[in-house]
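Undergrad: Before I ask anything, here is the structure I am working with.
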Amino acid sequence: MAIDFKIPEGILQTRQMVQYIAETTMRPFSRELDENEHQRPTAFVQAVWPILSAQQAQALARIERELESGGTTPVKEKTKERISTHYLSMMYLVEMLSWGDAGIYLCLPSAALGGFAIEAVGTPEQKLRFLRRFAEGEPSWGAMAMTEPNAGSDTSAIQTTAVFDEETQEWVLNGEKIFCTSGGLALNEGDGLVMVWATVDRNAGRSGMKLFVVEAGTPGVTVVKAEKKHGIRASDTVAISFNNARIPADNILGSPEVKEGKSGKGFKGAMATFDASRPLVAASALGIGRAAVEFVKEKLAEEGIEIPYGAPYHKLTAVQRDVMEMEAQLKAAHLLTLRSIAMLDEKISNPLEASMAKVKAGKAITWITQKAVELLGPLGYSREVLVEKWMRDGKINDIYEGTGQINTLIVARRILDYTRTELA
Amino acid sequence: MAIDFKIPEGILQTRQMVQYIAETTMRPFSRELDENEHQRPTAFVQAVWPILSAQQAQALARIERELESGGTTPVKEKTKERISTHYLSMMYLVEMLSWGDAGIYLCLPSAALGGFAIEAVGTPEQKLRFLRRFAEGEPSWGAMAMTEPNAGSDTSAIQTTAVFDEETQEWVLNGEKIFCTSGGLALNEGDGLVMVWATVDRNAGRSGMKLFVVEAGTPGVTVVKAEKKHGIRASDTVAISFNNARIPADNILGSPEVKEGKSGKGFKGAMATFDASRPLVAASALGIGRAAVEFVKEKLAEEGIEIPYGAPYHKLTAVQRDVMEMEAQLKAAHLLTLRSIAMLDEKISNPLEASMAKVKAGKAITWITQKAVELLGPLGYSREVLVEKWMRDGKINDIYEGTGQINTLIVARRILDYTRTELA
Amino acid sequence: MVSFTPTEDQQLLIETIRRFAENDVRPTAHEHDEASEPNPDALKVGWQMGLIPSALPEELGGFGEMSAVTGVLALEELAFGELATAMHLMTPALFAYPVTLFGTAEQRENLLPMFLEEDFAPATAALLEPGISFDPYSLKTTASPTEQGFVLNGIKAYVPLADSATHILVYARNTETGNQEAFIVSRDQVEIERREMLMGIRALPTYRLKLHDVTVAPDSRLGGAVGINYQLILDRSNVALAALAVGVARAAYEYAKEYAKQRVQFGKPIAQNQAIAFMLAEMAIEVDATRLMVWEAAWKLDQGEDASKDAYLTRQYANKMVLMVTDSGVQTLGGYGFIREYPAERWLRNGRGFPTFDGLAIV
Amino acid sequence: MVSFTPTEDQQLLIETIRRFAENDVRPTAHEHDEASEPNPDALKVGWQMGLIPSALPEELGGFGEMSAVTGVLALEELAFGELATAMHLMTPALFAYPVTLFGTAEQRENLLPMFLEEDFAPATAALLEPGISFDPYSLKTTASPTEQGFVLNGIKAYVPLADSATHILVYARNTETGNQEAFIVSRDQVEIERREMLMGIRALPTYRLKLHDVTVAPDSRLGGAVGINYQLILDRSNVALAALAVGVARAAYEYAKEYAKQRVQFGKPIAQNQAIAFMLAEMAIEVDATRLMVWEAAWKLDQGEDASKDAYLTRQYANKMVLMVTDSGVQTLGGYGFIREYPAERWLRNGRGFPTFDGLAIV
């Protein structure tokens with residue numbers, strides 16, 4: 001190995017294609033979808049569904065082949081494998097789509113966060129059963145429902161219950177979930193599914209928490225509210241109530257040991273989805289930030305203001321200095337994200353690096369976009385242009401998948417080698 | 001009452017006089033005393049001792065008159081009293097002296113922090129007995145010894161003991177104190193004293209902590225180390241060991257109830273000295289900060305760079321913006337300090353406001369002086385001029401009398417109305 | 001003598017406005033923000049408090065108490081209630097105060113009585129101009145002297161309530177002298193290009209105005225031959241905006257503080273985490289510091305001292321402060337900070353606008 | 001292919017330097033800072049590591065491995081040990097690297113062999129100039145072409161080891177072309193005005209030089225008629241300085257972290273307070289972020305890509321980062337942070353200098 005920052009050619013080519021999608025199916029609709037909250041980004045969905053569903057179909061075909069060949073890929077083949085660029089591709093995809101529009105990006109018709117969990121914890125059979133809908137037919141969406149009114153940062157406090165009905169061999173879910181991204185799309189459009197965290201034993205704390213797959217159309221599952229938000233208004237964020245919602249026995253995610261609570265892998269495995277989701281949230285922040293920086297530089301250039309890289313400090317204007325700081329902050333966040341992503345591809349444990357990237361990107365995007373609004377004066381604060389929207393969109397990245405504070409706490413615990421109790 | 005920012009004429013006049021002292025007995029020696037750590041600021045001491053000792057003599061005369069008239073001033077006279085400007089004068093004195101040189105200022109021949117404690121907790125008789133040395137004869141210094149190697153922010157952890165010897169009717173002190181400002185001057189020069197925190201009952205926690213007056217020349221009291229410091233090098237900071245140091249029974253500070261532990265006033269009363277000392281530490285920071293801002297503006301003006309107050313942001317250079325921010329930060333810190341000082345004079349409880357001023361001034365001085373070094377380039381970083389020294393001097397204000405963190409914690413507890421346990 | 005205590009009258013005023021904010025403004029602030037429409041009921045009640053009349057000259061029926069200190073105390077409380085309503089209610093002052101300060105005797109007599117009426121006075125002012133950079137010392141809107149008076153040309157941005165105003169005070173650069181001056185223009189002389197669509201202060205209708213060869217008589221120039229002290233208007237505007245910023249920030253801070261004390265996670269209120277508690281402490285410190293800066297600048301204005309530097313630095317400081325505090329407010333609420341039902345996000349949207357709100361308030 | 005893993009050789013080098021820092025540099029760093037004098041023993045050991053020879057051309061006996069990535073890895077570790085020693089040890093590179101990169105065949109053959117000797121090479125370079133603002137693109141030191149070569153005039157600041165150097169690379173503005181160029185000047189041609197007295201890097205002797213009508217032959221111009229790629233030298237300097245800043249910051253961060261875990265107050269390690277823990281987390285994040293920026297810029301240099309923008313932004317970022325981290329280091333230590341026996345305050349003094357250290361390192 002050697003230190004290397006070269007992005008594979010293939011990824012750069014895909015990126016160009018994605019940019020085209022962003023320019024034609026996202027940007028032109030950004031303002032409209034922001035003003036008309038909860039309207040669907042039809043053009044975007046139609047443009048990407050064929051591509052995404054084909055990719056998902058390929059992935060499922062691979063799983064099928066593996067299942068047929070005995071469930072595992074031969075070890076020899078695995079070690080020969082080149083280091084994957086799966087997450088690196090994803091990072092650049094998410095970055096570019098968010099450059100297009102971060103709210104619309106979240107409406108990506110795919111398994112999304114739910115997919116991560118299924119990938120991480122599901123059995124091959126579950127993968128085939130649950131992910132097929134993302135590989136064919138009409139666009140469908142996946143979602144993840146964790147947060148509850150009294151369980152935000154403290155995920156262990158969830159109250160939604162899953163009780164097994166021996167008679168019908170079904171799980172019965174009761175409770176309320178909030179802040180479920182794409183939950184409306186998953187349950188009310190297409191043939192989606194929501195991954196629901198519920199406890200099978202309230203006294204067991206984290207180890208009682210299991211992940212259940214709730215499919216669209218399940219009786220007793222209702223989208224009770226669509227939140228009106230500060231930003232990413234094209235994305236739907238809903239509250240879902242579960243009222244004696246019955247789902248098949250096998251809709252609890254994972255291998256038998258996980259289900260029976262013999263393995264702690266259930267909660268931990270799903271927590272590990274944060275290791276991937278946090279860098280991707282960071283990547284989304286990067287895309288918004290880049291959009292803002294590019295736009296600011298463009299507008300300044302129209303007024304004849306260029307950025308004199310290299311000039312000594314005392315020769316810079318305050319605005320030039322700010323723009324450079326925006327670029328440097330973006331770069332810093334970018335590289336921390338890239339590192340955490342490269343670790344995912346190299347299958348190196350990355351929770352510290354993932355949280356570092358998330359903290360930095362969340363802060364950087366907040367600062368960059370807020371600054372962008374300021375630097376563009378009366379224009380920047382106006383809904384004539386998208387900068388103010390990017391500021392509103394960007395802020396979510398410092399909030400979801402763990403607020404900046406929660407992720408900083410994770411970083412602190414890891415660098416200090418402290419447990420949850422030692423550093424509460 | 002009405003909102004009013006008018007500084008009384010008398011204070012402004014005194015301030016001018018103090019500026020003269022600063023310009024003639026402080027600034028010319030700043031570099032020399034910084035380079036030759038532990039050298040005494042003779043010119044300054046000689047200049048201010050006659051003034052300070054005369055003031056102290058007046059104060060003692062007042063106490064004597066009160067004692068003669070029965071120990072209290074008639075209530076009627078008190079209510080008629082105009083609001084004092086005692087602390088306001090002090091604030092401007094400290095600010096200007098620190099503008100002169102913050103290290104030298106700390107060598108002010110006076111009771112200093114020890115004086116606050118004696119004023120706050122001492123009986124009239126004790127005041128007369130202990131403060132007389134600051135009113136006549138050769139220059140003397142007072143100091144306060146609280147910190148120990150294992151008791152920094154956590155003052156309740158002090159281990160120095162005071163045991164009463166019934167036979168000799170003396171207190172016997174044992175232990176080690178560190179970071180005692182002016183402790184060397186107090187014990188080794190003139191006829192000074194050190195106020196020493198010691199516990200009469202290690203199991204009693206804070207309520208066992210009492211304040212003892214240790215006079216210069218007491219056997220068993222040794223200055224064991226003079227610290228070499230980042231800044232304020234003209235000021236001496238020492239470690240003192242107490243090895244069976246015997247002091248008279250009446251050298252425990254306070255009224256009989258305090259001494260016998262019947263009143264919590266001992267610890268609390270002395271903690272209240274922070275209400276005055278923190279704003280004055282803030283005032284010292286303000287003086288250093290002003291020196292730095294003035295110098296930066298002067299040097300910039302020499303290069304033809306003026307500060308265009310009023311100009312829109314996009315017309316400012318980065319340096320101009322920085323200088324304005326320096327001035328605004330200084331102003332913000334100044335006004336928070338002024339408020340906490342005005343409350344002292346109005347005898348309104350001010351621990352929240354005192355800590356707010358301290359936090360803000362500590363941060364502001366750090367930022368301002370560090371920025372000043374940067375803005376002045378190769379000159380700023382050099383020991384040719386005083387800016388780099390002001391940066392080193394300034395930093396202490398974010399550390400002593402409670403670090404920025406400790407004072408922020410105090411602010412947080414007070415605004416949230418939380419106890420020490422609720423917000424640890 | 002240094003003092004930080006408002007007079008009894010000021011204290012009463014503060015309490016009156018606080019009640020107004022609590023009873024009339026806050027309960028429906030979200031709804032009006034969503035609808036991008038003002039709250040006529042609140043404005044009616046607010047107008048009856050007589051804030052503007054109290055500043056107008058006694059000889060015309062006002063109370064003659066144009067005090068910047070009283071002004072900033074009022075503005076903080078109004079903005080603590082809701083920024084858009086605060087600006088709305090005080091929009092007539094953008095016209096009335098400059099006329100009071102600099103108008104000729106005739107201008108004062110003709111123009112000020114409408115501000116003493118029972119109904120909201122239909123007057124506003126136009127200073128800001130569109131684009132990415134606004135320089136109040138070099139307005140792009142011009143006033144060219146002619147034999148008939150002046151011809152005004154230019155585009156103004158963010159003009160509050162222009163649509164319903166009858167009188168608009170337009171600031172323009174005199175092409176002959178290069179000075180910035182103010183002109184009294186009637187509503188039907190200007191073209192309203194559109195309502196501005198902004199990120200925040202959505203309940204306050206603001207407009208883009210076009211002045212195309214607008215001819216005004218010589219006596220439309222505020223202050224007549226003497227003109228105005230333009231710098232003083234900017235100073236009073238800067239101080240007013242900083243006061244409003246303090247109000248918005250205080251609202252965000254107090255809400256976040258209460259939320260953090262109520263919201264339990266991991267078995268205790270989140271305020272018991274140092275990370276949250278320290279954030280709140282910093283918010284408290286910065287709100288207080290800025291308020292004191294506002295008070296001092298206002299006090300200098302009342303003393304007749306040159307307050308330009310203070311007013312300017314205070315406004316800059318307040319711009320940063322209100323952003324930091326409102327952003328921290330959102331952060332404290334976490335997910336709820338992002339939901340429009342909760343006020344934190346609105347305060348952030350409003351707070352971010354301050355660097356741009358030139359001329360949208362006066363004291 | 002994206003990777004953040006140094007090569008095995010680089011890893012070995014890092015470990016070698018780390019041992020050097022721990023065994024030879026750190027134990028006496030305070031003492032030498034106090035005395036304002038270098039540590040000759042450490043420098044001897046350090047020189048034997050052969051960092052500079054490894055970068056020099058193979059045909060002259062070097063290892064021909066001038067890699068910016070390897071360079072920044074080495075510099076971070078050296079500065080983690082102690083900044084003054086790191087700069088001291090690498091001062092000859094200020095001369096050797098530009099000669100290697102841009103020297104004519106003759107210059108390389110004549111000048112480079114001394115860097116392959118067993119003894120410390122007595123060469124340095126002079127870029128920085130005194131005053132409050134330094135502009136590398138507009139040097140005040142001039143080189144006027146004459147028939148005999150060039151006449152140099154000007155004053156240089158902070159020139160490391162000038163007193164004991166035999167060769168000094170002087171950067172000057174060619175009065176004819178306006179370009180910044182480099183000239184090989186011998187020590188006895190310049191006047192040393194004084195040793196610089198600085199806030200930090202005290203163990204590194206730096207000097208104020210005066211060039212008064214110094215005449216040098218035409219072949220003293222580095223690169224001869226072709227000259228140098230001055231921008232590339234600045235880029236390599238910016239990246240090197242940023243790498244050093246990362247080393248200093250990491251030292252401060254790691255020390256603070258260990259201190260915070262050890263120091264017990266209120267019955268528990270202070271690191272168990274979120275206020276301290278969050279400060280440490282931010283330090284960790286910023287150190288890492290800056291390191292990655294340094295690596296990327298260095299990698300671009302090694303790829304032959306234009307790294308000017310990256311190098312510049314990285315240096316600016318590193319300047320801020322190292323100040324934040326070293327200041328937080330002092331703050332974490334509280335009172336002990338202010339005492340010179342503890343290294344935190346030295347790191348702050350050294351850290352604050354980075355914005356000023358133009359040209360004091362190269363990679």
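In the structure tokens, chains take letters A, B, ... by order of appearance, with residues numbered from 1 within each chain and ligands from 1 in the order shown.
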May I have the residues of chain D within 6 Å of chain B, counting only C-alpha atoms, written as number ranges by chain?
TA: D: 130-133, 197-199, 265-266, 334, 338-340, 356
Undergrad: Residues of stretch 147-326 of chain C classed as alpha helix (DSSP H) by DSSP on the backbone are to be reported as a ChimeraX atom specification.
TA: /C:230-262,274-303,308-326
Undergrad: Write out as number ranges by chain all residues of stretch 34-264 of chain D that DSSP puts in strand (DSSP E) for this structure's backbone.
TA: D: 123-126, 142-146, 149-160, 167-174, 180-186, 191-195, 206-216, 264
Undergrad: Restrict the distance test to only C-alpha atoms, flag each residue of chain C within 8 Å of chain D, and return the flagged residues as an NGL selection string.
TA: :C and (273-275 or 278)
Undergrad: Using only C-alpha atoms, I'd like every residue of chain B that has an atom within 9 Å of chain A; please write them out as a PDB file with all heavy atoms, in the first residue's frame.
TA:
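Output file out17.pdb is given in full below:
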ATOM      1  N   TYR B 313     -19.272  44.877   4.560  1.00  0.00           N
ATOM      2  CA  TYR B 313     -18.368  43.738   4.702  1.00  0.00           C
ATOM      3  C   TYR B 313     -17.534  43.500   3.445  1.00  0.00           C
ATOM      4  O   TYR B 313     -16.337  43.254   3.535  1.00  0.00           O
ATOM      5  CB  TYR B 313     -19.198  42.493   5.017  1.00  0.00           C
ATOM      6  CG  TYR B 313     -18.388  41.305   5.469  1.00  0.00           C
ATOM      7  CD1 TYR B 313     -17.924  41.218   6.774  1.00  0.00           C
ATOM      8  CD2 TYR B 313     -18.099  40.270   4.589  1.00  0.00           C
ATOM      9  CE1 TYR B 313     -17.189  40.128   7.200  1.00  0.00           C
ATOM     10  CE2 TYR B 313     -17.357  39.170   5.005  1.00  0.00           C
ATOM     11  CZ  TYR B 313     -16.911  39.103   6.311  1.00  0.00           C
ATOM     12  OH  TYR B 313     -16.177  38.017   6.728  1.00  0.00           O
ATOM     13  N   HIS B 314     -18.154  43.583   2.304  1.00  0.00           N
ATOM     14  CA  HIS B 314     -17.409  43.239   1.077  1.00  0.00           C
ATOM     15  C   HIS B 314     -16.387  44.297   0.683  1.00  0.00           C
ATOM     16  O   HIS B 314     -15.679  44.134  -0.291  1.00  0.00           O
ATOM     17  CB  HIS B 314     -18.378  42.939  -0.069  1.00  0.00           C
ATOM     18  CG  HIS B 314     -19.210  44.118  -0.459  1.00  0.00           C
ATOM     19  ND1 HIS B 314     -20.374  44.441   0.199  1.00  0.00           N
ATOM     20  CD2 HIS B 314     -19.036  45.059  -1.399  1.00  0.00           C
ATOM     21  CE1 HIS B 314     -20.888  45.531  -0.349  1.00  0.00           C
ATOM     22  NE2 HIS B 314     -20.090  45.931  -1.304  1.00  0.00           N
ATOM     23  N   LYS B 315     -16.346  45.384   1.440  1.00  0.00           N
ATOM     24  CA  LYS B 315     -15.310  46.393   1.153  1.00  0.00           C
ATOM     25  C   LYS B 315     -14.150  46.308   2.137  1.00  0.00           C
ATOM     26  O   LYS B 315     -13.220  47.119   2.086  1.00  0.00           O
ATOM     27  CB  LYS B 315     -15.928  47.801   1.213  1.00  0.00           C
ATOM     28  CG  LYS B 315     -16.901  48.101   0.090  1.00  0.00           C
ATOM     29  CD  LYS B 315     -16.404  49.211  -0.816  1.00  0.00           C
ATOM     30  CE  LYS B 315     -17.244  49.324  -2.073  1.00  0.00           C
ATOM     31  NZ  LYS B 315     -17.861  50.642  -2.224  1.00  0.00           N
ATOM     32  N   LEU B 316     -14.218  45.377   3.059  1.00  0.00           N
ATOM     33  CA  LEU B 316     -13.164  45.271   4.077  1.00  0.00           C
ATOM     34  C   LEU B 316     -12.076  44.294   3.662  1.00  0.00           C
ATOM     35  O   LEU B 316     -12.342  43.312   2.981  1.00  0.00           O
ATOM     36  CB  LEU B 316     -13.755  44.766   5.400  1.00  0.00           C
ATOM     37  CG  LEU B 316     -14.864  45.584   6.038  1.00  0.00           C
ATOM     38  CD1 LEU B 316     -15.346  44.880   7.302  1.00  0.00           C
ATOM     39  CD2 LEU B 316     -14.369  46.981   6.371  1.00  0.00           C
ATOM     40  N   THR B 317     -10.856  44.569   4.115  1.00  0.00           N
ATOM     41  CA  THR B 317      -9.827  43.548   3.973  1.00  0.00           C
ATOM     42  C   THR B 317      -9.949  42.590   5.163  1.00  0.00           C
ATOM     43  O   THR B 317     -10.601  42.888   6.174  1.00  0.00           O
ATOM     44  CB  THR B 317      -8.409  44.138   3.972  1.00  0.00           C
ATOM     45  OG1 THR B 317      -8.150  44.682   5.266  1.00  0.00           O
ATOM     46  CG2 THR B 317      -8.260  45.226   2.920  1.00  0.00           C
ATOM     47  N   ALA B 318      -9.291  41.458   5.021  1.00  0.00           N
ATOM     48  CA  ALA B 318      -9.324  40.465   6.103  1.00  0.00           C
ATOM     49  C   ALA B 318      -8.734  41.069   7.382  1.00  0.00           C
ATOM     50  O   ALA B 318      -9.247  40.848   8.480  1.00  0.00           O
ATOM     51  CB  ALA B 318      -8.558  39.213   5.686  1.00  0.00           C
ATOM     52  N   VAL B 319      -7.683  41.832   7.230  1.00  0.00           N
ATOM     53  CA  VAL B 319      -7.029  42.432   8.397  1.00  0.00           C
ATOM     54  C   VAL B 319      -7.938  43.466   9.065  1.00  0.00           C
ATOM     55  O   VAL B 319      -8.068  43.485  10.296  1.00  0.00           O
ATOM     56  CB  VAL B 319      -5.678  43.072   7.987  1.00  0.00           C
ATOM     57  CG1 VAL B 319      -5.106  43.897   9.128  1.00  0.00           C
ATOM     58  CG2 VAL B 319      -4.691  42.000   7.541  1.00  0.00           C
ATOM     59  N   GLN B 320      -8.566  44.291   8.269  1.00  0.00           N
ATOM     60  CA  GLN B 320      -9.486  45.290   8.835  1.00  0.00           C
ATOM     61  C   GLN B 320     -10.613  44.606   9.603  1.00  0.00           C
ATOM     62  O   GLN B 320     -10.977  45.011  10.706  1.00  0.00           O
ATOM     63  CB  GLN B 320     -10.060  46.166   7.718  1.00  0.00           C
ATOM     64  CG  GLN B 320      -9.036  47.127   7.131  1.00  0.00           C
ATOM     65  CD  GLN B 320      -9.512  47.778   5.840  1.00  0.00           C
ATOM     66  OE1 GLN B 320     -10.383  47.256   5.146  1.00  0.00           O
ATOM     67  NE2 GLN B 320      -8.916  48.916   5.509  1.00  0.00           N
ATOM     68  N   ARG B 321     -11.138  43.563   8.987  1.00  0.00           N
ATOM     69  CA  ARG B 321     -12.207  42.805   9.636  1.00  0.00           C
ATOM     70  C   ARG B 321     -11.716  42.254  10.977  1.00  0.00           C
ATOM     71  O   ARG B 321     -12.417  42.310  11.978  1.00  0.00           O
ATOM     72  CB  ARG B 321     -12.635  41.678   8.691  1.00  0.00           C
ATOM     73  CG  ARG B 321     -13.695  40.748   9.211  1.00  0.00           C
ATOM     74  CD  ARG B 321     -14.998  41.443   9.459  1.00  0.00           C
ATOM     75  NE  ARG B 321     -15.457  41.146  10.794  1.00  0.00           N
ATOM     76  CZ  ARG B 321     -16.234  41.928  11.528  1.00  0.00           C
ATOM     77  NH1 ARG B 321     -16.660  43.079  11.053  1.00  0.00           N
ATOM     78  NH2 ARG B 321     -16.593  41.588  12.727  1.00  0.00           N
ATOM     79  N   ASP B 322     -10.511  41.712  10.987  1.00  0.00           N
ATOM     80  CA  ASP B 322      -9.962  41.160  12.225  1.00  0.00           C
ATOM     81  C   ASP B 322      -9.813  42.223  13.306  1.00  0.00           C
ATOM     82  O   ASP B 322     -10.131  41.992  14.470  1.00  0.00           O
ATOM     83  CB  ASP B 322      -8.574  40.543  11.968  1.00  0.00           C
ATOM     84  CG  ASP B 322      -8.663  39.210  11.251  1.00  0.00           C
ATOM     85  OD1 ASP B 322      -9.745  38.595  11.245  1.00  0.00           O
ATOM     86  OD2 ASP B 322      -7.635  38.771  10.699  1.00  0.00           O
ATOM     87  N   LEU B 375      -1.259  39.165  13.077  1.00  0.00           N
ATOM     88  CA  LEU B 375      -1.425  40.303  12.169  1.00  0.00           C
ATOM     89  C   LEU B 375      -0.138  41.103  12.007  1.00  0.00           C
ATOM     90  O   LEU B 375       0.047  41.771  10.996  1.00  0.00           O
ATOM     91  CB  LEU B 375      -2.547  41.231  12.663  1.00  0.00           C
ATOM     92  CG  LEU B 375      -3.968  40.671  12.613  1.00  0.00           C
ATOM     93  CD1 LEU B 375      -4.976  41.749  12.979  1.00  0.00           C
ATOM     94  CD2 LEU B 375      -4.285  40.101  11.232  1.00  0.00           C
TER      95      LEU B 375
END
Undergrad: List as a PyMOL selection string the protein and nucleic acid residues near D:Arg18, meaning an atom at most 8 Å away when only C-alpha atoms are counted, but skip any in the same chain fewer than 4 places from it.
TA: chain D and resi 14+22+77-78+81
Undergrad: Atom CA of B:Ile365 and atom CA of B:Ser277, how far apart in Å?
TA: 16.9 Å
Undergrad: Taking only C-alpha atoms into account, which of B:Ile118, B:Leu253, B:Ala61, B:Leu113 comes nearest B:Gly183?
TA: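 Of the candidates, the smallest distance to B:Gly183 is held by B:Leu113.
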Undergrad: Fewer than 4 positions away in the same chain doesn't count, so skip those; otherwise give me all residues within 7 Å of D:Ser54, counting only C-alpha atoms, as a PyMOL selection string.
TA: chain D and resi 50+62-65
Undergrad: Would you pick out the contacts of stretch 165-175 of chain C at 10 Å or less, using only C-alpha atoms, so that residues sharing its chain but fewer than 6 positions from it are not included, and give the list as a PyMOL selection string?
TA: chain C and resi 92+94-96+98-99+111+121-128+136-145+150-154+156+159+181-190+211+220-222+230+359
Undergrad: Neighbours of A:Lys358 within 10 Å (only C-alpha atoms; same-chain residues fewer than 2 positions away dropped), as a count of residues only?
TA: 32
